[in-house]
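These notes are about the structure you will find just below.
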Amino acid sequence: MEQRRCQRWRSRTKWSVYLMALVHLWSNVSAQLKYSVYEEVQEGNVVGHIAKDLGLDKATLTERRYRIVYGSTEPPFRVNQNDGILYVNGKLDREEMCDRSKVCLIDLKTVLENPLEVHYVSVEIIDVNDHAPVFPENKKMLEIFESALPGAKFQLQAARDADSGSLSIQQYKLSHSEHFRLEVKDRGEDRKTPSLVLQKPLDRESAKTHVLLLTAFDGGKPPKSGNMTIIVNVSDVNDNPPVFNQDSYIAHLSENSPLGTTVFQVNATDLDEGSNGEVIYSFGNDVDARVRKLFHLNQVTGELTVAGIIDFEETERYEIDIQASDKGSATLTTDKTVIINIVDVNDNAPEIEVTSFSHALPEDSKPGTTVALISVKDSDSGLNGKVMCFISQDLPFLLTPSLQNNMYSLVTKQSLDREQHSGYDVTIKVKDAGEPPLSSEKTVKIIVSDVNDNGPQFSENPYTFYITENNNPGVAILSVTARDGDDGSNALISYNILRDKGGEAKLTSFLNVNAENGDILALKSFDFETLKTFQFQVVATDSGTPPLSNNVTVNVFILDQNDNAPVILYPLSSNGSAEGVEEIPRNVNAGHLVTKVRAYDADIGYNGWLLFSLQEVTDHSLFGLDRYTGQIRTLRSFTETDEAEHKLVILVKDNGNVSLSATATVIIKLVEPKEAFAASDVKSAITHEENDNVTFYLMITLGCVSVLFLVSIIVLIAMQCSKSTDYTSKYLQETNYDGTLCHSIQYRSGDKRYMLVGPRMSIGSTIVPGSHANTLVLPDRRRPSGEVRIFFDRMPKCVLFWFWGLKINLHWPWC
């Protein structure tokens with residue numbers, strides 16, 4: 001008695017647990033909807049209003065991640081999270097999706113989160129008449145003996161229509177003929193096989209050939225059709241067709257039967273004698289190529305054997321037409337349909353489909369939180385397709401069954417602690433009820449996520465880098481690195497350059513940073529002569545929510561390279577080449593300064609330190625070159641035997657590791673003292689005449705220029721003169737300056753004229769490489785100009801005006 005009470009109590013407890021599970025699942029799984037849509041509709045066509053039909057709040061669909069769960073392939077439909085409407089997602093081809101099934105249903109699972117809801121939607125694809133009947137052959141040749149009796153049948157190849165149901169082939173029509181009529185056998189499953197029936201004896205002597213037209217019509221409105229031409233050649237004699245010894249052949253064959261397994265053997269006899277009574281066997285014309293690959297028929301014995309893989313899940317039943325033909329000159333055939341039923345075996349293991357709702361599970365998730373949906377499928381039938389699903393490990397998760405068959409939810413059964421376990425590998429096992437049973441398992445990896453509480457930290461702060469100029473654009477020049485103590489996506493760091501609107505914005509536009517590894521690339525080549533140092537900031541940001549960031553200052557110093565060759569400033573010829581002519585009297589003494597070669601180098605240090613040397617000279621005893629200043633002086637007095645013209649080629653090179661150089665040519669002409677003084681007098685006269693003309697034109701010009709312009713010029717001159725007279729950054733200290741007027745050298749390069757302005761140089765003076773301050777660009781006299789150009793040095797010695805093509809030299813007392 002006590003035992004019965006315990007059993008009743010256990011039974012009641014068990015049913016209570018089941019009832020609670022059903023109530024819990026009923027809150028997660030709601031209803032099932034069914035819609036229909038025609039095939040071949042355009043993408044984006046509305047199928048149904050799921051949210052409206054289920055009474056869902058459209059405003060929460062996006063927040064609850066409303067979507068379709070459809071395995072690993074792209075679903076043919078999509079649901080809009082904004083309005084809950086089901087749309088067509090691509091081309092719908094019923095024949096491709098459901099082959100020739102009578103009803104084409106696409107089952108969809110729609111899922112909402114927080115709380116979890118699963119709704120099942122079935123969409124029926126309605127067939128449309130988009131295919132016309134097609135015969136395997138456009139022309140069919142038949143050989144019929146004239147002795148054939150009325151009522152003889154000749155099976156023809158049936159037409160095929162990819163559509164199904166009422167849109168498939170509905171009828172055949174034969175063109176008018178007094179000898180033949182058409183008979184159609186309905187074989188079910190949209191299969192109609194036409195046969196040609198002889199209704200009047202043939203007379204070969206009156207007609208050797210009969211041409212007929214067979215037309216197949218489908219059930220569309222309007223119907224579509226296909227044609228096949230039948231050519232009947234009338235033969236003679238053999239008048240007894242083979243006869244099968246059984247009215248029907250039915251066999252049962254297990255799937256996965258070995259190749260060569262005998263299904264059965266057909267037998268037929270022919271009452272004729274000789275070759276007309278010898279029977280051979282073949283597949284009927286209506287047997288498709290797929291069936292011919294699965295089975296082999298022995299032409300002599302009639303034995304049907306397995307030739308391919310037999311799969312119950314693909315086809316459960318085969319109907320095969322076998323023809324028995326004699327070997328008469330006009331072959332007679334008899335058709336027999338054999339039926340093969342496939343027996344299912346447990347050869348398919350269950351398949352597990354997991355739909356996870358998030359990549360990581362927060363450690364503060366409450367018990368009962370749904371982690372994933374588990375769907376189990378077994379392609380076998382009967383007991384072989386019944387499955388059981390369970391979790392074998394002792395983990396803080398459990399499987400709860402769904403109202404829908406073979407559907408489960410993986411939920412948490414207790415609180416999680418990331419500090420103890422940062423992740424779980426949950427192995428889900430499933431086993432069917434076949435004999436022997438088959439099983440499968442799938443592991444679901446669950447990651448317990450953390451919160452973002454650590455910002456990125458750079459390995460150095462600030463960074464200091466030294467790079468050489470002339471770097472290759474697009475190549476990394478430096479790299480910064482930061483670390484984040486968080487886990488997962490919270491520790492993923494991206495780098496970017498802080499670009500403000502200040503003066504550094506233009507410079508940082510030529511820099512780019514690899515967001516993943518912090519490599520910084522220069523998009524242009526740096527030039528030490530224009531930029532020596534710069535500073536920018538790099539920001540490292542993690543991928544947490546909200547993201548945390550940190551920045552670092554990067555100081556970059558450009559190192560000089562010897563990339564600038566020396567430039568000859570004097571001498572320069574009118575065509576821009578480094579050539580010049582100097583005339584000196586023959587009576588000068590040794591040590592006389594003939595001229596000075598002037599050059600500069602844009603580099604600094606040893607790369608910009610210039611040395612002068614004689615590369616070519618006609619007489620080494622006459623002239624000497626100062627290695628450091630470039631001054632050319634006479635080494636001795638001239639004699640009557642010395643040549644009147646001497647050519648000197650001076651090599652100017654820097655002191656870089658790989659020296660760069662330039663050459664200048666000086667032609668020295670020796671003239672008699674009288675000629676030298678005459679030339680000097682001519683120059684003085686010309687200069688005096690020009691000064692008179694200049695004074696005249698200056699008076700006219702000053703009267704035309706506005707007072708405002710004169711005031712502006714005076715203010716500008718006053719500002720320039722008030723600046724520091726320290727110009728040692730451009731010139732070496734002139735220790736031997738004798739207080740004379742400014743010394744200028746004019747030269748031409750291309751279509752421009754230049755003037756080098758400075759104090760008169762004496763022995764030992766030189767120009768510091770890299771100085772451009774004393775070079776004035778003068779307009780071409782040959783080109784009329786209404787433009788006035790005024791160039792000032794930091795401490796102007798002379799001012800040169802150009803006004804309407806007139807040159808005016810103004811000298812201050814300190815020039």
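By convention here, the chains of the structure tokens are called A, B, ... in the order presented, each chain's residues are numbered starting at 1, and ligands are numbered starting at 1 in the order presented.
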For Ile126 in chain A, work out the shell of residues within 7 Å, counting only C-alpha atoms and skipping chain neighbours fewer than 5 positions away, then give it as a list in words.
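Close residues of Ile126 in chain A: Ser36, Val37, Tyr38 and Glu39 of chain A.
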Mind dumping the selected residues with N, CA, C and O atoms as an mmCIF file, in the first residue's frame?
```cif
data_model
loop_
_atom_site.group_PDB
_atom_site.id
_atom_site.type_symbol
_atom_site.label_atom_id
_atom_site.label_comp_id
_atom_site.auth_asym_id
_atom_site.auth_seq_id
_atom_site.Cartn_x
_atom_site.Cartn_y
_atom_site.Cartn_z
ATOM 1 N N SER A 36 0.924 32.130 -48.522
ATOM 2 C CA SER A 36 1.162 31.565 -49.852
ATOM 3 C C SER A 36 1.621 32.675 -50.777
ATOM 4 O O SER A 36 1.233 33.832 -50.622
ATOM 5 N N VAL A 37 2.449 32.300 -51.745
ATOM 6 C CA VAL A 37 2.971 33.260 -52.700
ATOM 7 C C VAL A 37 3.266 32.523 -53.997
ATOM 8 O O VAL A 37 3.654 31.352 -53.993
ATOM 9 N N TYR A 38 3.071 33.212 -55.114
ATOM 10 C CA TYR A 38 3.329 32.597 -56.406
ATOM 11 C C TYR A 38 4.828 32.618 -56.690
ATOM 12 O O TYR A 38 5.544 33.537 -56.283
ATOM 13 N N GLU A 39 5.279 31.586 -57.361
ATOM 14 C CA GLU A 39 6.676 31.572 -57.771
ATOM 15 C C GLU A 39 6.936 32.643 -58.829
ATOM 16 O O GLU A 39 6.001 33.182 -59.419
#
```
Please identify the strand (DSSP E) residues within range 1-216 of chain A (assignment by DSSP from backbone atoms) and present them as a short mmCIF file (atom, residue, chain, number, x, y, z; two decimals) with N, CA and C atoms, in the first residue's frame.
```
data_model
loop_
_atom_site.label_atom_id
_atom_site.label_comp_id
_atom_site.auth_asym_id
_atom_site.auth_seq_id
_atom_site.Cartn_x
_atom_site.Cartn_y
_atom_site.Cartn_z
N VAL A 29 7.44 29.90 -27.24
CA VAL A 29 7.00 29.49 -28.57
C VAL A 29 5.54 29.79 -28.70
N SER A 30 5.18 30.59 -29.66
CA SER A 30 3.80 31.04 -29.76
C SER A 30 3.03 30.26 -30.82
N ALA A 31 2.78 30.86 -31.94
CA ALA A 31 1.86 30.30 -32.91
C ALA A 31 2.57 29.99 -34.21
N GLN A 32 1.81 29.40 -35.15
CA GLN A 32 2.33 29.08 -36.48
C GLN A 32 1.43 29.74 -37.52
N LEU A 33 2.05 30.46 -38.45
CA LEU A 33 1.32 31.16 -39.51
C LEU A 33 1.57 30.47 -40.84
N LYS A 34 0.66 30.66 -41.74
CA LYS A 34 0.81 30.08 -43.07
C LYS A 34 0.43 31.13 -44.10
N TYR A 35 1.31 31.32 -45.07
CA TYR A 35 1.08 32.25 -46.17
C TYR A 35 1.30 31.50 -47.48
N SER A 36 0.92 32.13 -48.52
CA SER A 36 1.16 31.57 -49.85
C SER A 36 1.62 32.68 -50.78
N VAL A 37 2.45 32.30 -51.74
CA VAL A 37 2.97 33.26 -52.70
C VAL A 37 3.27 32.52 -54.00
N TYR A 38 3.07 33.21 -55.11
CA TYR A 38 3.33 32.60 -56.41
C TYR A 38 4.83 32.62 -56.69
N VAL A 46 5.72 41.58 -51.03
CA VAL A 46 5.20 41.31 -49.69
C VAL A 46 4.53 39.95 -49.66
N VAL A 47 4.92 39.14 -48.64
CA VAL A 47 4.30 37.82 -48.46
C VAL A 47 3.24 37.88 -47.39
N GLY A 48 3.50 38.51 -46.27
CA GLY A 48 2.51 38.58 -45.21
C GLY A 48 2.98 39.53 -44.11
N HIS A 49 2.03 40.02 -43.31
CA HIS A 49 2.32 40.90 -42.19
C HIS A 49 2.40 40.07 -40.93
N ARG A 67 14.19 38.26 -36.35
CA ARG A 67 14.87 37.74 -37.53
C ARG A 67 14.39 36.33 -37.85
N ILE A 68 14.86 35.83 -38.99
CA ILE A 68 14.54 34.47 -39.45
C ILE A 68 15.75 33.59 -39.20
N VAL A 69 15.52 32.41 -38.63
CA VAL A 69 16.57 31.40 -38.44
C VAL A 69 16.35 30.32 -39.49
N PHE A 77 13.29 34.12 -47.94
CA PHE A 77 12.46 35.23 -47.47
C PHE A 77 13.24 36.01 -46.40
N ARG A 78 12.84 37.26 -46.20
CA ARG A 78 13.43 38.08 -45.15
C ARG A 78 12.34 38.86 -44.46
N VAL A 79 12.56 39.18 -43.18
CA VAL A 79 11.60 39.93 -42.41
C VAL A 79 12.18 41.29 -42.07
N ILE A 85 7.12 42.88 -41.64
CA ILE A 85 6.53 42.33 -42.87
C ILE A 85 7.51 41.36 -43.48
N LEU A 86 6.97 40.24 -43.97
CA LEU A 86 7.77 39.19 -44.61
C LEU A 86 7.83 39.49 -46.11
N TYR A 87 9.08 39.59 -46.64
CA TYR A 87 9.31 39.90 -48.03
C TYR A 87 10.01 38.74 -48.73
N VAL A 88 9.87 38.74 -50.07
CA VAL A 88 10.62 37.78 -50.89
C VAL A 88 12.06 38.25 -50.96
N LEU A 105 6.03 23.61 -49.50
CA LEU A 105 5.99 24.41 -48.27
C LEU A 105 7.42 24.74 -47.83
N ILE A 106 7.66 26.00 -47.52
CA ILE A 106 8.92 26.45 -46.95
C ILE A 106 8.66 26.81 -45.49
N ASP A 107 9.28 26.05 -44.58
CA ASP A 107 9.09 26.28 -43.15
C ASP A 107 10.16 27.24 -42.63
N LEU A 108 9.71 28.28 -41.95
CA LEU A 108 10.61 29.29 -41.40
C LEU A 108 10.43 29.39 -39.89
N LYS A 109 11.53 29.73 -39.22
CA LYS A 109 11.48 30.01 -37.79
C LYS A 109 11.84 31.48 -37.58
N THR A 110 10.92 32.21 -36.94
CA THR A 110 11.20 33.61 -36.61
C THR A 110 11.42 33.70 -35.11
N VAL A 111 12.42 34.49 -34.73
CA VAL A 111 12.87 34.53 -33.32
C VAL A 111 12.90 35.97 -32.85
N LEU A 112 12.41 36.18 -31.61
CA LEU A 112 12.55 37.44 -30.90
C LEU A 112 13.26 37.17 -29.59
N GLU A 117 11.05 34.45 -28.02
CA GLU A 117 9.83 33.96 -28.64
C GLU A 117 10.19 33.34 -29.99
N VAL A 118 9.62 32.18 -30.25
CA VAL A 118 9.85 31.50 -31.53
C VAL A 118 8.49 31.30 -32.19
N HIS A 119 8.36 31.78 -33.40
CA HIS A 119 7.13 31.60 -34.19
C HIS A 119 7.47 30.86 -35.48
N TYR A 120 6.60 29.97 -35.87
CA TYR A 120 6.83 29.15 -37.05
C TYR A 120 5.91 29.64 -38.17
N VAL A 121 6.53 29.88 -39.29
CA VAL A 121 5.81 30.41 -40.46
C VAL A 121 6.01 29.45 -41.62
N SER A 122 4.92 29.04 -42.23
CA SER A 122 4.98 28.19 -43.43
C SER A 122 4.52 29.01 -44.62
N VAL A 123 5.31 28.97 -45.68
CA VAL A 123 4.99 29.70 -46.90
C VAL A 123 4.84 28.68 -48.03
N GLU A 124 3.68 28.66 -48.62
CA GLU A 124 3.43 27.74 -49.74
C GLU A 124 3.77 28.45 -51.05
N ILE A 125 4.63 27.80 -51.83
CA ILE A 125 4.99 28.34 -53.14
C ILE A 125 4.00 27.79 -54.15
N ILE A 126 3.21 28.67 -54.71
CA ILE A 126 2.17 28.26 -55.67
C ILE A 126 2.78 28.25 -57.07
N LYS A 139 12.12 14.26 -83.24
CA LYS A 139 11.67 13.34 -84.31
C LYS A 139 11.83 11.91 -83.81
N LYS A 140 10.78 11.11 -83.99
CA LYS A 140 10.77 9.72 -83.56
C LYS A 140 10.56 8.81 -84.78
N MET A 141 11.49 7.85 -84.93
CA MET A 141 11.39 6.88 -86.04
C MET A 141 10.82 5.57 -85.50
N LEU A 142 9.75 5.04 -86.19
CA LEU A 142 9.14 3.75 -85.83
C LEU A 142 9.18 2.81 -87.04
N GLU A 143 9.51 1.56 -86.73
CA GLU A 143 9.47 0.51 -87.76
C GLU A 143 8.29 -0.42 -87.44
N ILE A 144 7.26 -0.49 -88.29
CA ILE A 144 6.06 -1.31 -88.06
C ILE A 144 5.85 -2.21 -89.27
N PHE A 145 5.68 -3.49 -88.95
CA PHE A 145 5.44 -4.45 -90.04
C PHE A 145 4.03 -4.27 -90.58
N LYS A 153 -0.08 -1.76 -80.13
CA LYS A 153 0.34 -0.52 -79.45
C LYS A 153 1.84 -0.31 -79.60
N PHE A 154 2.20 0.95 -79.72
CA PHE A 154 3.61 1.34 -79.81
C PHE A 154 3.82 2.51 -78.84
N GLN A 155 4.49 2.19 -77.75
CA GLN A 155 4.70 3.21 -76.72
C GLN A 155 5.65 4.30 -77.22
N ILE A 169 1.48 18.31 -67.87
CA ILE A 169 0.87 17.81 -69.11
C ILE A 169 -0.49 17.20 -68.81
N GLN A 170 -1.49 17.68 -69.54
CA GLN A 170 -2.86 17.21 -69.32
C GLN A 170 -3.39 16.36 -70.47
N GLN A 171 -2.92 16.61 -71.67
CA GLN A 171 -3.43 15.82 -72.78
C GLN A 171 -2.45 15.82 -73.95
N TYR A 172 -2.62 14.80 -74.79
CA TYR A 172 -1.85 14.67 -76.03
C TYR A 172 -2.85 14.67 -77.19
N LYS A 173 -2.43 15.19 -78.30
CA LYS A 173 -3.23 15.16 -79.53
C LYS A 173 -2.37 14.69 -80.69
N LEU A 174 -2.97 13.84 -81.53
CA LEU A 174 -2.28 13.31 -82.69
C LEU A 174 -2.91 13.87 -83.95
N PHE A 180 -3.82 5.32 -87.63
CA PHE A 180 -3.39 5.34 -86.25
C PHE A 180 -4.30 6.24 -85.42
N ARG A 181 -4.38 5.86 -84.15
CA ARG A 181 -5.02 6.71 -83.15
C ARG A 181 -4.11 6.76 -81.92
N LEU A 182 -4.42 7.69 -81.04
CA LEU A 182 -3.58 7.92 -79.86
C LEU A 182 -4.29 7.39 -78.62
N GLU A 183 -3.52 6.72 -77.79
CA GLU A 183 -4.01 6.24 -76.50
C GLU A 183 -3.05 6.70 -75.42
N VAL A 184 -3.58 7.31 -74.35
CA VAL A 184 -2.77 7.88 -73.27
C VAL A 184 -3.06 7.13 -71.99
N LYS A 185 -2.00 6.67 -71.33
CA LYS A 185 -2.10 5.95 -70.06
C LYS A 185 -1.70 6.89 -68.93
N ASP A 186 -2.66 7.06 -67.99
CA ASP A 186 -2.43 7.94 -66.85
C ASP A 186 -1.76 7.11 -65.75
N LYS A 192 1.77 10.96 -67.78
CA LYS A 192 0.88 10.41 -68.82
C LYS A 192 1.76 9.94 -69.96
N THR A 193 1.63 8.64 -70.29
CA THR A 193 2.47 8.04 -71.32
C THR A 193 1.63 7.81 -72.57
N PRO A 194 2.00 8.43 -73.70
CA PRO A 194 1.23 8.23 -74.94
C PRO A 194 1.68 6.95 -75.67
N SER A 195 0.73 6.33 -76.33
CA SER A 195 1.01 5.14 -77.16
C SER A 195 0.29 5.31 -78.49
N LEU A 196 0.97 4.84 -79.52
CA LEU A 196 0.39 4.88 -80.86
C LEU A 196 -0.30 3.55 -81.12
N VAL A 197 -1.60 3.57 -81.43
CA VAL A 197 -2.41 2.34 -81.63
C VAL A 197 -2.80 2.23 -83.11
N LEU A 198 -2.50 1.06 -83.65
CA LEU A 198 -2.86 0.82 -85.06
C LEU A 198 -4.34 0.47 -85.13
N THR A 209 5.69 5.06 -95.84
CA THR A 209 5.98 5.92 -94.70
C THR A 209 4.74 6.72 -94.33
N HIS A 210 4.55 6.87 -93.02
CA HIS A 210 3.47 7.71 -92.49
C HIS A 210 4.10 8.75 -91.55
N VAL A 211 3.79 10.00 -91.77
CA VAL A 211 4.31 11.10 -90.95
C VAL A 211 3.19 11.65 -90.09
N LEU A 212 3.39 11.60 -88.75
CA LEU A 212 2.39 12.05 -87.79
C LEU A 212 2.99 13.15 -86.90
N LEU A 213 2.13 13.97 -86.35
CA LEU A 213 2.55 15.04 -85.43
C LEU A 213 1.86 14.84 -84.10
N LEU A 214 2.67 14.61 -83.05
CA LEU A 214 2.14 14.44 -81.70
C LEU A 214 2.37 15.73 -80.92
N THR A 215 1.29 16.25 -80.33
CA THR A 215 1.34 17.51 -79.58
C THR A 215 0.92 17.25 -78.14
N ALA A 216 1.70 17.78 -77.19
CA ALA A 216 1.40 17.69 -75.76
C ALA A 216 0.97 19.06 -75.26
#
```
Do you know which residues are at most 9 Å from Val426 in chain A counting only C-alpha atoms, after dropping those on the same chain fewer than 3 positions away, and could you put them as number ranges by chain?
A: 391-393, 395, 397, 442-446
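Rounded to one decimal, CA of Ser325 in chain A and CA of Ala268 in chain A lie 9.1 Å from each other.
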Using only C-alpha atoms, which residues sit within 7 Å of Val411 in chain A once same-chain residues fewer than 6 positions away are excluded, as a list in words?
Gly368, Thr369, Thr370, Val371, Phe397, Leu398 and Leu399 of chain A
With only C-alpha atoms as the basis for distance, which of A:Ala330, A:Cys721, A:Ala644, A:Leu373 is at the shortest distance from Glu672 in chain A?
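Checking each candidate against Glu672 in chain A, we get A:Ala644 as the closest.
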Would you kindly return, as a PyMOL selection string, each protein, DNA or RNA residue with an atom no farther than 12 Å from any atom of Lys102 in chain A, considering only C-alpha atoms and excluding same-chain residues fewer than 6 positions away?
chain A and resi 94-95+124-127+163-168+188-190
Restrict the selected residues to N, CA and C atoms and save them as a compact mmCIF listing (two decimals), in the first residue's frame.
```
# COMPACT_ATOMS: atom_id res chain seq x y z
N ARG A 94 9.79 27.28 -57.98
CA ARG A 94 9.18 26.15 -57.29
C ARG A 94 9.78 24.84 -57.75
N GLU A 95 10.10 24.74 -59.03
CA GLU A 95 10.63 23.49 -59.54
C GLU A 95 12.02 23.20 -58.97
N GLU A 124 3.68 28.66 -48.62
CA GLU A 124 3.43 27.74 -49.74
C GLU A 124 3.77 28.45 -51.05
N ILE A 125 4.63 27.80 -51.83
CA ILE A 125 4.99 28.34 -53.14
C ILE A 125 4.00 27.79 -54.15
N ILE A 126 3.21 28.67 -54.71
CA ILE A 126 2.17 28.26 -55.67
C ILE A 126 2.78 28.25 -57.07
N ASP A 127 2.54 27.17 -57.76
CA ASP A 127 3.12 26.98 -59.08
C ASP A 127 2.43 27.89 -60.10
N ASP A 163 6.52 22.02 -64.61
CA ASP A 163 5.45 22.41 -63.70
C ASP A 163 4.77 21.17 -63.14
N SER A 164 3.98 21.37 -62.08
CA SER A 164 3.33 20.25 -61.42
C SER A 164 1.83 20.50 -61.32
N GLY A 165 1.10 19.44 -60.91
CA GLY A 165 -0.34 19.58 -60.71
C GLY A 165 -1.08 19.83 -62.01
N SER A 166 -2.01 20.74 -61.93
CA SER A 166 -2.84 21.02 -63.10
C SER A 166 -2.07 21.74 -64.20
N LEU A 167 -0.90 22.26 -63.88
CA LEU A 167 -0.11 22.96 -64.89
C LEU A 167 0.83 22.03 -65.63
N SER A 168 0.88 20.76 -65.24
CA SER A 168 1.71 19.80 -65.97
C SER A 168 0.95 19.31 -67.21
N GLY A 188 -0.43 8.45 -62.90
CA GLY A 188 -0.38 9.17 -61.64
C GLY A 188 0.87 10.05 -61.53
N GLU A 189 0.86 10.87 -60.51
CA GLU A 189 2.01 11.76 -60.24
C GLU A 189 2.39 12.57 -61.48
N ASP A 190 1.36 13.10 -62.14
CA ASP A 190 1.56 13.96 -63.31
C ASP A 190 2.30 13.24 -64.44
```
From the list A:Gly474, A:Ala132, A:Thr618, A:Ala162, the nearest residue to Cys98 in chain A using only C-alpha atoms is A:Ala162
Among range 242-370 of chain A, which residues carry a DSSP assignment of helix (DSSP H, G or I), reported as number ranges by chain?
A: 274-277, 289-294
Which residues, written as a compact mmCIF listing (two decimals) with C-alpha atoms, in the first residue's frame, have at least one atom at most 10 Å from Lys532 in chain A, with only C-alpha atoms counted and residues fewer than 5 positions away on the same chain left out?
```txt
# COMPACT_ATOMS: atom_id res chain seq x y z
CA GLU A 469 65.23 62.70 -44.71
CA PHE A 526 60.58 64.66 -45.67
CA ASP A 527 63.20 67.28 -46.51
CA VAL A 556 60.08 63.37 -34.55
CA PHE A 557 63.50 64.77 -35.49
CA ILE A 558 64.60 64.78 -39.14
CA LEU A 559 68.27 63.91 -39.78
CA ASP A 560 70.10 65.50 -42.67
```
Nearby residues (only C-alpha atoms) at most 9 Å from Glu316 in chain A, same-chain spacing under 4 positions excluded, as a PDB file with N, CA and C atoms, in the first residue's frame:
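Output contents, as saved in selection.pdb:
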```
ATOM      1  N   ASP A 311      19.109   5.200 -52.218  1.00  0.00           N
ATOM      2  CA  ASP A 311      18.872   6.012 -51.023  1.00  0.00           C
ATOM      3  C   ASP A 311      17.376   6.168 -50.819  1.00  0.00           C
ATOM      4  N   PHE A 312      16.879   5.641 -49.695  1.00  0.00           N
ATOM      5  CA  PHE A 312      15.450   5.728 -49.386  1.00  0.00           C
ATOM      6  C   PHE A 312      15.021   7.182 -49.233  1.00  0.00           C
ATOM      7  N   ILE A 340       9.586  -1.298 -57.820  1.00  0.00           N
ATOM      8  CA  ILE A 340      10.611  -1.585 -56.824  1.00  0.00           C
ATOM      9  C   ILE A 340      10.345  -0.677 -55.627  1.00  0.00           C
ATOM     10  N   ASN A 341      10.040  -1.267 -54.477  1.00  0.00           N
ATOM     11  CA  ASN A 341       9.827  -0.532 -53.227  1.00  0.00           C
ATOM     12  C   ASN A 341      11.124  -0.563 -52.415  1.00  0.00           C
ATOM     13  N   ILE A 342      11.606   0.626 -52.006  1.00  0.00           N
ATOM     14  CA  ILE A 342      12.854   0.739 -51.250  1.00  0.00           C
ATOM     15  C   ILE A 342      12.544   0.656 -49.758  1.00  0.00           C
ATOM     16  N   VAL A 343      13.281  -0.211 -49.072  1.00  0.00           N
ATOM     17  CA  VAL A 343      13.106  -0.406 -47.633  1.00  0.00           C
ATOM     18  C   VAL A 343      14.131   0.460 -46.897  1.00  0.00           C
ATOM     19  N   ASP A 344      13.647   1.267 -45.916  1.00  0.00           N
ATOM     20  CA  ASP A 344      14.525   2.174 -45.180  1.00  0.00           C
ATOM     21  C   ASP A 344      15.375   1.408 -44.176  1.00  0.00           C
TER      22      ASP A 344
END
```
